[in-house]
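Undergrad: Handing you a structure now.
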Amino acid sequence: MRPEIEALPGSRIREVANAGLGRSDVLAFWFGESDEVTPEPIRAAAAASLMNGETFYSHNLGLPELRQGIAAYTSTLHGPVDVDRIAVTSSGVTALMLAMQMLAGAGDEVVAVVPVWPNLTAQPAILGARVTRVALRPGHGKDSGVWKLDLDELLAAVTHRTRVLLVNAPNNPTGWTLTRGEQQTIVEHCRRTGTWIVADEVYERIYFGGTASAPSFLDVTTPDDRLVVAHSFSKSFLMTGWRLGWLVLPRGSMDAAGKLLEFNSSCAPVFIQRGGQAALAMADAFVPALVARLQAGRDRLVAGLQALPGVTVATPPGGMYAFFRVEGQDDSLVFAKHLVAAHGLGLAPGVAFGAEGEGWLRWCFASRVPARLDAGLARLAAALSPTLVA
């Protein structure tokens, strides 16, 4: 066994979830997915594809019509993006791993903005790269719980030795989002250092800033910049279990992407891709309505958390999570397991996202039933009462 693999930590989210498996009384908010099923037109398209016998291989890069649909969808949000920059992948996490395989190898330096979904920092480590972490930090006072990036610290960390800069914004778990000005500054710096940017933008549509999407690196770059953007159908189209994503690559990168797709998964299943086509066809009507429901859930949950004594939380500008801390609860894994065992409340421990998230908890507010969030809040309040009274 390679030492890099043996050194990988297990999923702390799964560790907490495993403690609650088989219990029907647990209210689970630990995973990053909605409790709504995939819309019927998407399911119907996949079922029809299966019934029509579309059970064979497709092109490595994806069905031409799906790639064209993704290019048109992306162009609507960010200006012209040619189809010859789109590669379809079997999940967003696969898209990110393919990007890492294209760009980073043993001994290379990768800089990552953290805390972050642990897969992002594990992938370069699996490949033998060295990961340097630049931490977001929660504010204090009137900005208590608002996570911010020290841009000067990030730029100082990205040097001519840096092969890849990893950025996830809107961020899982904090909801932190870059401004367009910050993105422009980062792009100009990385042009000078020759550093590739790998941008995980799977939450770009789940953005509450009054525009159709969060600021994207695609808005401030050219087709020839060293930028790879990873996307997924999982979040914005309620398709987590489908495992379908895509990459937006620089011009001239498709041959390399095709090779890696062949050696990793060959291609995404055709019937899954047909579901993706149906999702894109309904995006204009479906996604804004989903975002409105998520915003209502966010506001309901954050208000409830802010009403609890000893809880620090800010309203996230993007994503589908409230990231909060409870005074006196510094071991997030122990506390999350206690919440499951004693109160039937399933949350993700902040340490799952790196040491920078220790002492915090992540709560996914993507629930179709508002009363379910209220019930979870009541269970948290019950858990905190003895601690706070004591």
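Here, A, B, ... name the chains of the structure tokens in the order displayed, residue numbers run from 1 inside each chain, and ligands are numbered from 1 in the same displayed order.
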I'd like the neighbourhood of Pro39 (chain A) as a ChimeraX atom specification, where a residue qualifies if any of its atoms comes within 9 Å (using only C-alpha atoms), though same-chain residues fewer than 4 positions away should be ignored.
TA: /A:43-44,237-239,279
Undergrad: Using DSSP on the backbone coordinates, identify all residues within region 126-161 of chain A classified as alpha helix (DSSP H); present the result as a VMD selection string.
TA: chain A and resid 126 151 to 157
Undergrad: Filtering to N, CA and C atoms, could you give me those residues as a PDB file, in the first residue's frame?
TA:
```
ATOM      1  N   ILE A 126      -3.250  12.124  -2.896  1.00  0.00           N
ATOM      2  CA  ILE A 126      -3.241  10.779  -3.467  1.00  0.00           C
ATOM      3  C   ILE A 126      -2.213  10.684  -4.591  1.00  0.00           C
ATOM      4  N   LEU A 151      -6.512  37.991   1.208  1.00  0.00           N
ATOM      5  CA  LEU A 151      -6.037  37.847  -0.167  1.00  0.00           C
ATOM      6  C   LEU A 151      -4.521  37.976  -0.252  1.00  0.00           C
ATOM      7  N   ASP A 152      -3.954  38.851   0.555  1.00  0.00           N
ATOM      8  CA  ASP A 152      -2.493  38.997   0.541  1.00  0.00           C
ATOM      9  C   ASP A 152      -1.814  37.712   0.984  1.00  0.00           C
ATOM     10  N   GLU A 153      -2.393  37.036   1.967  1.00  0.00           N
ATOM     11  CA  GLU A 153      -1.825  35.768   2.430  1.00  0.00           C
ATOM     12  C   GLU A 153      -1.882  34.718   1.323  1.00  0.00           C
ATOM     13  N   LEU A 154      -3.000  34.686   0.597  1.00  0.00           N
ATOM     14  CA  LEU A 154      -3.110  33.719  -0.496  1.00  0.00           C
ATOM     15  C   LEU A 154      -2.093  34.011  -1.587  1.00  0.00           C
ATOM     16  N   LEU A 155      -1.972  35.271  -1.987  1.00  0.00           N
ATOM     17  CA  LEU A 155      -1.040  35.614  -3.058  1.00  0.00           C
ATOM     18  C   LEU A 155       0.402  35.322  -2.657  1.00  0.00           C
ATOM     19  N   ALA A 156       0.721  35.512  -1.384  1.00  0.00           N
ATOM     20  CA  ALA A 156       2.076  35.213  -0.924  1.00  0.00           C
ATOM     21  C   ALA A 156       2.351  33.710  -0.977  1.00  0.00           C
ATOM     22  N   ALA A 157       1.305  32.910  -0.789  1.00  0.00           N
ATOM     23  CA  ALA A 157       1.485  31.458  -0.808  1.00  0.00           C
ATOM     24  C   ALA A 157       1.638  30.907  -2.217  1.00  0.00           C
TER      25      ALA A 157
END
```
Undergrad: Any idea what's packed within 12 Å of region 334-337 of chain A, counting only C-alpha atoms, ignoring anything in its chain fewer than 6 positions away? Could you give it as an mmCIF file with N, CA and C atoms, in the first residue's frame?
TA:
```cif
data_model
loop_
_atom_site.group_PDB
_atom_site.id
_atom_site.type_symbol
_atom_site.label_atom_id
_atom_site.label_comp_id
_atom_site.auth_asym_id
_atom_site.auth_seq_id
_atom_site.Cartn_x
_atom_site.Cartn_y
_atom_site.Cartn_z
ATOM 1 N N ARG A 12 -14.926 11.815 8.270
ATOM 2 C CA ARG A 12 -15.515 12.079 9.587
ATOM 3 C C ARG A 12 -17.035 12.231 9.473
ATOM 4 N N ILE A 13 -17.509 12.675 8.307
ATOM 5 C CA ILE A 13 -18.955 12.771 8.110
ATOM 6 C C ILE A 13 -19.558 11.372 8.117
ATOM 7 N N ARG A 14 -18.928 10.458 7.385
ATOM 8 C CA ARG A 14 -19.408 9.077 7.367
ATOM 9 C C ARG A 14 -19.318 8.461 8.756
ATOM 10 N N GLU A 15 -18.300 8.819 9.506
ATOM 11 C CA GLU A 15 -18.144 8.268 10.852
ATOM 12 C C GLU A 15 -19.333 8.647 11.727
ATOM 13 N N VAL A 16 -19.769 9.898 11.609
ATOM 14 C CA VAL A 16 -20.940 10.332 12.369
ATOM 15 C C VAL A 16 -22.199 9.662 11.821
ATOM 16 N N ALA A 17 -22.328 9.636 10.495
ATOM 17 C CA ALA A 17 -23.514 9.032 9.892
ATOM 18 C C ALA A 17 -23.627 7.557 10.256
ATOM 19 N N ASN A 18 -22.503 6.845 10.271
ATOM 20 C CA ASN A 18 -22.535 5.425 10.614
ATOM 21 C C ASN A 18 -23.069 5.202 12.028
ATOM 22 N N ALA A 19 -22.847 6.191 12.893
ATOM 23 C CA ALA A 19 -23.336 6.067 14.266
ATOM 24 C C ALA A 19 -24.858 6.159 14.334
ATOM 25 N N GLY A 20 -25.466 6.700 13.276
ATOM 26 C CA GLY A 20 -26.916 6.837 13.285
ATOM 27 C C GLY A 20 -27.633 5.927 12.316
ATOM 28 N N VAL A 26 -33.598 9.492 13.726
ATOM 29 C CA VAL A 26 -32.566 10.504 13.511
ATOM 30 C C VAL A 26 -32.987 11.470 12.406
ATOM 31 N N ALA A 28 -31.459 13.664 9.863
ATOM 32 C CA ALA A 28 -30.118 13.713 9.273
ATOM 33 C C ALA A 28 -29.968 14.929 8.378
ATOM 34 N N PHE A 29 -28.995 15.755 8.717
ATOM 35 C CA PHE A 29 -28.641 16.928 7.912
ATOM 36 C C PHE A 29 -27.149 16.909 7.601
ATOM 37 N N TRP A 30 -26.529 15.723 7.658
ATOM 38 C CA TRP A 30 -25.068 15.645 7.576
ATOM 39 C C TRP A 30 -24.537 15.638 6.166
ATOM 40 N N ARG A 325 -20.818 27.381 15.321
ATOM 41 C CA ARG A 325 -20.121 26.799 16.458
ATOM 42 C C ARG A 325 -20.918 27.052 17.723
ATOM 43 N N VAL A 326 -20.716 26.154 18.687
ATOM 44 C CA VAL A 326 -21.375 26.255 19.979
ATOM 45 C C VAL A 326 -20.306 26.515 21.035
ATOM 46 N N GLU A 327 -20.510 27.534 21.808
ATOM 47 C CA GLU A 327 -19.548 27.890 22.852
ATOM 48 C C GLU A 327 -19.274 26.706 23.762
ATOM 49 N N GLY A 328 -17.986 26.418 23.962
ATOM 50 C CA GLY A 328 -17.588 25.342 24.859
ATOM 51 C C GLY A 328 -17.503 23.975 24.214
ATOM 52 N N HIS A 343 -29.670 12.789 20.987
ATOM 53 C CA HIS A 343 -30.755 13.683 20.573
ATOM 54 C C HIS A 343 -31.297 13.400 19.170
ATOM 55 N N GLY A 344 -30.731 12.423 18.477
ATOM 56 C CA GLY A 344 -31.248 12.082 17.157
ATOM 57 C C GLY A 344 -31.079 13.187 16.138
ATOM 58 N N LEU A 345 -30.005 13.956 16.252
ATOM 59 C CA LEU A 345 -29.738 15.056 15.318
ATOM 60 C C LEU A 345 -28.424 14.781 14.605
ATOM 61 N N GLY A 346 -28.472 14.681 13.281
ATOM 62 C CA GLY A 346 -27.294 14.336 12.501
ATOM 63 C C GLY A 346 -26.702 15.527 11.775
ATOM 64 N N LEU A 347 -25.538 15.986 12.236
ATOM 65 C CA LEU A 347 -24.824 17.100 11.628
ATOM 66 C C LEU A 347 -23.408 16.649 11.270
ATOM 67 N N ALA A 348 -22.766 17.396 10.379
ATOM 68 C CA ALA A 348 -21.390 17.082 9.989
ATOM 69 C C ALA A 348 -20.420 17.823 10.905
ATOM 70 N N PRO A 349 -19.409 17.132 11.430
ATOM 71 C CA PRO A 349 -18.430 17.815 12.283
ATOM 72 C C PRO A 349 -17.501 18.689 11.459
ATOM 73 N N GLY A 350 -17.181 19.861 11.977
ATOM 74 C CA GLY A 350 -16.334 20.787 11.240
ATOM 75 C C GLY A 350 -14.955 20.257 10.958
ATOM 76 N N VAL A 351 -14.434 19.376 11.817
ATOM 77 C CA VAL A 351 -13.099 18.838 11.611
ATOM 78 C C VAL A 351 -13.031 17.998 10.343
ATOM 79 N N ALA A 352 -14.181 17.557 9.832
ATOM 80 C CA ALA A 352 -14.199 16.808 8.576
ATOM 81 C C ALA A 352 -13.634 17.627 7.423
ATOM 82 N N GLU A 358 -12.332 22.849 12.877
ATOM 83 C CA GLU A 358 -12.553 22.244 14.193
ATOM 84 C C GLU A 358 -13.318 23.203 15.099
ATOM 85 N N GLY A 359 -14.232 22.639 15.866
ATOM 86 C CA GLY A 359 -15.061 23.438 16.753
ATOM 87 C C GLY A 359 -16.341 23.928 16.107
ATOM 88 N N TRP A 360 -16.516 23.672 14.807
ATOM 89 C CA TRP A 360 -17.702 24.100 14.075
ATOM 90 C C TRP A 360 -18.502 22.881 13.637
ATOM 91 N N LEU A 361 -19.741 23.122 13.242
ATOM 92 C CA LEU A 361 -20.625 22.081 12.737
ATOM 93 C C LEU A 361 -21.269 22.569 11.442
ATOM 94 N N ARG A 362 -21.499 21.633 10.529
ATOM 95 C CA ARG A 362 -22.169 21.980 9.274
ATOM 96 C C ARG A 362 -23.566 21.379 9.249
ATOM 97 N N TRP A 363 -24.542 22.208 8.903
ATOM 98 C CA TRP A 363 -25.941 21.793 8.841
ATOM 99 C C TRP A 363 -26.440 22.084 7.428
ATOM 100 N N LEU A 380 -31.509 20.531 18.878
ATOM 101 C CA LEU A 380 -30.254 21.189 19.253
ATOM 102 C C LEU A 380 -30.451 22.010 20.519
ATOM 103 N N ALA A 383 -30.324 19.833 23.416
ATOM 104 C CA ALA A 383 -28.954 19.383 23.688
ATOM 105 C C ALA A 383 -28.132 20.449 24.380
ATOM 106 N N LEU A 384 -28.397 21.720 24.057
ATOM 107 C CA LEU A 384 -27.592 22.796 24.609
ATOM 108 C C LEU A 384 -28.066 23.217 25.996
ATOM 109 N N THR A 387 -26.017 22.067 29.081
ATOM 110 C CA THR A 387 -24.660 22.631 29.051
ATOM 111 C C THR A 387 -24.667 24.097 29.434
#
```
Undergrad: Could you jot down the CA of Arg67 (chain A) to CA of Ala95 (chain A) separation for me, Å, one decimal place?
TA: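 A separation of 14.3 Å between them.
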Undergrad: Any idea what's packed within 10 Å of region 172-176 of chain A, counting only C-alpha atoms, ignoring anything in its chain fewer than 4 positions away? Could you give it as a PyMOL selection string?
TA: chain A and resi 32+114-118+136-138+145-149+168+200+202-203+206-207+313-324+348+350+352-353+357+360-364
Undergrad: Output N, CA and C atoms for every residue in the selection just made, as a short mmCIF file (atom, residue, chain, number, x, y, z; two decimals), in the first residue's frame.
TA:
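Ended up saving to result-v7.cif:
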```cif
data_model
loop_
_atom_site.label_atom_id
_atom_site.label_comp_id
_atom_site.auth_asym_id
_atom_site.auth_seq_id
_atom_site.Cartn_x
_atom_site.Cartn_y
_atom_site.Cartn_z
N GLY A 32 -24.41 16.54 1.99
CA GLY A 32 -24.65 17.71 1.16
C GLY A 32 -25.61 17.42 0.04
N VAL A 114 -8.91 26.72 2.46
CA VAL A 114 -9.59 25.82 3.40
C VAL A 114 -10.25 26.66 4.50
N PRO A 115 -11.20 26.07 5.28
CA PRO A 115 -11.68 24.69 5.24
C PRO A 115 -12.44 24.41 3.95
N VAL A 116 -12.44 23.12 3.59
CA VAL A 116 -13.04 22.77 2.31
C VAL A 116 -13.43 21.30 2.35
N TRP A 117 -14.36 20.94 1.49
CA TRP A 117 -14.74 19.54 1.31
C TRP A 117 -13.47 18.70 1.19
N PRO A 118 -13.30 17.66 2.02
CA PRO A 118 -12.00 17.01 2.14
C PRO A 118 -11.50 16.33 0.86
N LEU A 136 -9.31 30.35 5.36
CA LEU A 136 -10.34 31.34 5.64
C LEU A 136 -10.44 31.48 7.15
N ARG A 137 -10.87 32.66 7.61
CA ARG A 137 -11.00 32.85 9.05
C ARG A 137 -12.32 33.52 9.37
N PRO A 138 -12.97 33.07 10.45
CA PRO A 138 -14.24 33.68 10.84
C PRO A 138 -14.01 35.03 11.49
N GLY A 145 -18.60 35.03 12.78
CA GLY A 145 -19.03 33.88 12.00
C GLY A 145 -18.94 34.06 10.50
N VAL A 146 -18.60 35.28 10.04
CA VAL A 146 -18.45 35.53 8.60
C VAL A 146 -17.04 35.12 8.19
N TRP A 147 -16.93 34.16 7.30
CA TRP A 147 -15.62 33.64 6.89
C TRP A 147 -15.04 34.51 5.79
N LYS A 148 -13.77 34.87 5.96
CA LYS A 148 -13.12 35.79 5.03
C LYS A 148 -11.75 35.27 4.62
N LEU A 149 -11.33 35.68 3.45
CA LEU A 149 -10.02 35.32 2.92
C LEU A 149 -9.09 36.51 3.03
N ASN A 168 -12.62 26.56 -3.97
CA ASN A 168 -14.03 26.17 -3.99
C ASN A 168 -14.86 27.34 -3.50
N ASP A 200 -13.55 24.75 -8.19
CA ASP A 200 -14.72 23.93 -7.92
C ASP A 200 -15.90 24.89 -7.76
N VAL A 202 -19.27 24.05 -8.20
CA VAL A 202 -20.50 23.28 -8.27
C VAL A 202 -21.68 23.98 -7.59
N TYR A 203 -21.40 24.93 -6.69
CA TYR A 203 -22.47 25.65 -6.00
C TYR A 203 -22.76 27.01 -6.62
N ILE A 206 -26.31 28.08 -6.58
CA ILE A 206 -26.91 28.20 -5.24
C ILE A 206 -26.27 29.39 -4.56
N TYR A 207 -26.73 30.54 -5.01
CA TYR A 207 -26.13 31.82 -4.64
C TYR A 207 -27.26 32.79 -4.36
N VAL A 313 -23.10 32.00 14.34
CA VAL A 313 -23.39 31.65 12.95
C VAL A 313 -23.67 32.92 12.18
N ALA A 314 -23.25 32.94 10.94
CA ALA A 314 -23.54 34.05 10.04
C ALA A 314 -24.35 33.51 8.86
N THR A 315 -25.03 34.40 8.16
CA THR A 315 -25.84 34.01 7.01
C THR A 315 -24.93 33.79 5.82
N PRO A 316 -24.87 32.56 5.29
CA PRO A 316 -23.96 32.29 4.17
C PRO A 316 -24.49 32.89 2.86
N PRO A 317 -23.63 33.50 2.07
CA PRO A 317 -24.07 34.09 0.79
C PRO A 317 -24.29 33.07 -0.31
N GLY A 318 -23.78 31.85 -0.13
CA GLY A 318 -23.94 30.83 -1.15
C GLY A 318 -23.85 29.45 -0.54
N GLY A 319 -24.12 28.42 -1.36
CA GLY A 319 -24.07 27.05 -0.89
C GLY A 319 -25.35 26.66 -0.18
N MET A 320 -25.33 25.50 0.46
CA MET A 320 -26.53 24.96 1.09
C MET A 320 -26.29 24.54 2.53
N TYR A 321 -25.38 25.28 3.21
CA TYR A 321 -24.98 24.89 4.55
C TYR A 321 -24.93 26.09 5.48
N ALA A 322 -25.34 25.86 6.73
CA ALA A 322 -25.03 26.79 7.82
C ALA A 322 -23.85 26.19 8.58
N PHE A 323 -22.81 26.99 8.74
CA PHE A 323 -21.61 26.54 9.45
C PHE A 323 -21.56 27.33 10.75
N PHE A 324 -21.68 26.63 11.87
CA PHE A 324 -21.83 27.33 13.14
C PHE A 324 -21.02 26.65 14.23
N ALA A 348 -22.77 17.40 10.38
CA ALA A 348 -21.39 17.08 9.99
C ALA A 348 -20.42 17.82 10.91
N GLY A 350 -17.18 19.86 11.98
CA GLY A 350 -16.33 20.79 11.24
C GLY A 350 -14.96 20.26 10.96
N ALA A 352 -14.18 17.56 9.83
CA ALA A 352 -14.20 16.81 8.58
C ALA A 352 -13.63 17.63 7.42
N PHE A 353 -13.64 18.94 7.56
CA PHE A 353 -13.20 19.84 6.50
C PHE A 353 -11.79 20.39 6.76
N GLY A 357 -11.65 23.86 10.45
CA GLY A 357 -13.07 23.81 10.77
C GLY A 357 -13.37 23.22 12.14
N TRP A 360 -16.52 23.67 14.81
CA TRP A 360 -17.70 24.10 14.07
C TRP A 360 -18.50 22.88 13.64
N LEU A 361 -19.74 23.12 13.24
CA LEU A 361 -20.63 22.08 12.74
C LEU A 361 -21.27 22.57 11.44
N ARG A 362 -21.50 21.63 10.53
CA ARG A 362 -22.17 21.98 9.27
C ARG A 362 -23.57 21.38 9.25
N TRP A 363 -24.54 22.21 8.90
CA TRP A 363 -25.94 21.79 8.84
C TRP A 363 -26.44 22.08 7.43
N CYS A 364 -26.82 21.04 6.70
CA CYS A 364 -27.37 21.22 5.36
C CYS A 364 -28.84 21.62 5.47
#
```
Undergrad: Between CA of Ala366 (chain A) and CA of His231 (chain A), what is the spacing in Å?
TA: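 One can read the CA of His231 (chain A) to CA of Ala366 (chain A) distance as 18.8 Å.
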Undergrad: Rank A:Ile197, A:Val187, A:Ile86, A:Ala303 by their smallest atom-to-atom distance to Thr221 (chain A), using only C-alpha atoms, and report the top residue only.
TA: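 Ranked by minimum distance to Thr221 (chain A), first place goes to A:Val187.
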Undergrad: Write out as a PDB file with C-alpha atoms, in the first residue's frame each polymer residue whose atoms come within 8 Å of Leu280 (chain A), counting only C-alpha atoms; drop sequence neighbours fewer than 2 positions from it.
TA:
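around.pdb, freshly written:
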```
ATOM      1  CA  GLY A  69     -26.211  21.789 -24.074  1.00  0.00           C
ATOM      2  CA  ILE A  70     -23.624  22.363 -21.340  1.00  0.00           C
ATOM      3  CA  TYR A  73     -25.974  26.705 -20.517  1.00  0.00           C
ATOM      4  CA  GLY A 276     -28.508  15.610 -17.850  1.00  0.00           C
ATOM      5  CA  GLN A 277     -29.932  16.809 -21.145  1.00  0.00           C
ATOM      6  CA  ALA A 278     -33.407  16.928 -19.630  1.00  0.00           C
ATOM      7  CA  MET A 282     -35.674  22.758 -17.645  1.00  0.00           C
ATOM      8  CA  ALA A 283     -32.931  24.838 -15.997  1.00  0.00           C
TER       9      ALA A 283
END
```
Undergrad: So which one's closest to Asp219 (chain A), A:Arg85, A:Glu182, A:Gly252, A:Glu36? Using only C-alpha atoms, please.
TA: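 The closest residue to Asp219 (chain A) is A:Glu182.
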Undergrad: Which residue gives the smallest distance to Gly141 (chain A) among A:Thr312, A:Ala106, A:Asn60, A:Gly53, with only C-alpha atoms counted?
TA: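 Closest to Gly141 (chain A), using only C-alpha atoms: A:Thr312.
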Undergrad: For the strand (DSSP E) assignment from backbone DSSP, which residues of region 72-145 of chain A qualify? Please present them as a list in words.
TA: Ile86, Ala87, Val88, Thr89, Glu109, Val110, Val111, Ala112, Val113, Val114, Arg130, Val131, Thr132, Arg133, Val134, Ala135, Arg137 and Pro138 of chain A
Undergrad: For C-alpha atoms, I'd like the residues from the last selection saved as a PDB file, in the first residue's frame.
TA:
```
ATOM      1  CA  ILE A  86     -16.501  20.794 -22.432  1.00  0.00           C
ATOM      2  CA  ALA A  87     -15.839  17.280 -21.115  1.00  0.00           C
ATOM      3  CA  VAL A  88     -18.613  15.238 -19.464  1.00  0.00           C
ATOM      4  CA  THR A  89     -17.574  13.228 -16.409  1.00  0.00           C
ATOM      5  CA  GLU A 109       2.966  22.072  -4.851  1.00  0.00           C
ATOM      6  CA  VAL A 110      -0.783  22.622  -4.640  1.00  0.00           C
ATOM      7  CA  VAL A 111      -2.237  25.533  -2.671  1.00  0.00           C
ATOM      8  CA  ALA A 112      -5.790  25.103  -1.365  1.00  0.00           C
ATOM      9  CA  VAL A 113      -8.174  27.536   0.287  1.00  0.00           C
ATOM     10  CA  VAL A 114      -9.586  25.821   3.402  1.00  0.00           C
ATOM     11  CA  ARG A 130       2.288  18.602  -1.474  1.00  0.00           C
ATOM     12  CA  VAL A 131      -0.730  20.582  -0.270  1.00  0.00           C
ATOM     13  CA  THR A 132      -0.254  24.017   1.276  1.00  0.00           C
ATOM     14  CA  ARG A 133      -3.351  25.251   3.109  1.00  0.00           C
ATOM     15  CA  VAL A 134      -4.426  28.898   3.211  1.00  0.00           C
ATOM     16  CA  ALA A 135      -7.160  29.355   5.784  1.00  0.00           C
ATOM     17  CA  ARG A 137     -10.999  32.853   9.050  1.00  0.00           C
ATOM     18  CA  PRO A 138     -14.236  33.675  10.840  1.00  0.00           C
TER      19      PRO A 138
END
```
Undergrad: For Phe56 (chain A), list every protein, DNA or RNA residue within 12 Å, evaluated using only C-alpha atoms, and leave out those in the same chain fewer than 5 positions away; present the list as a PyMOL selection string.
TA: chain A and resi 49-50+63+266-272
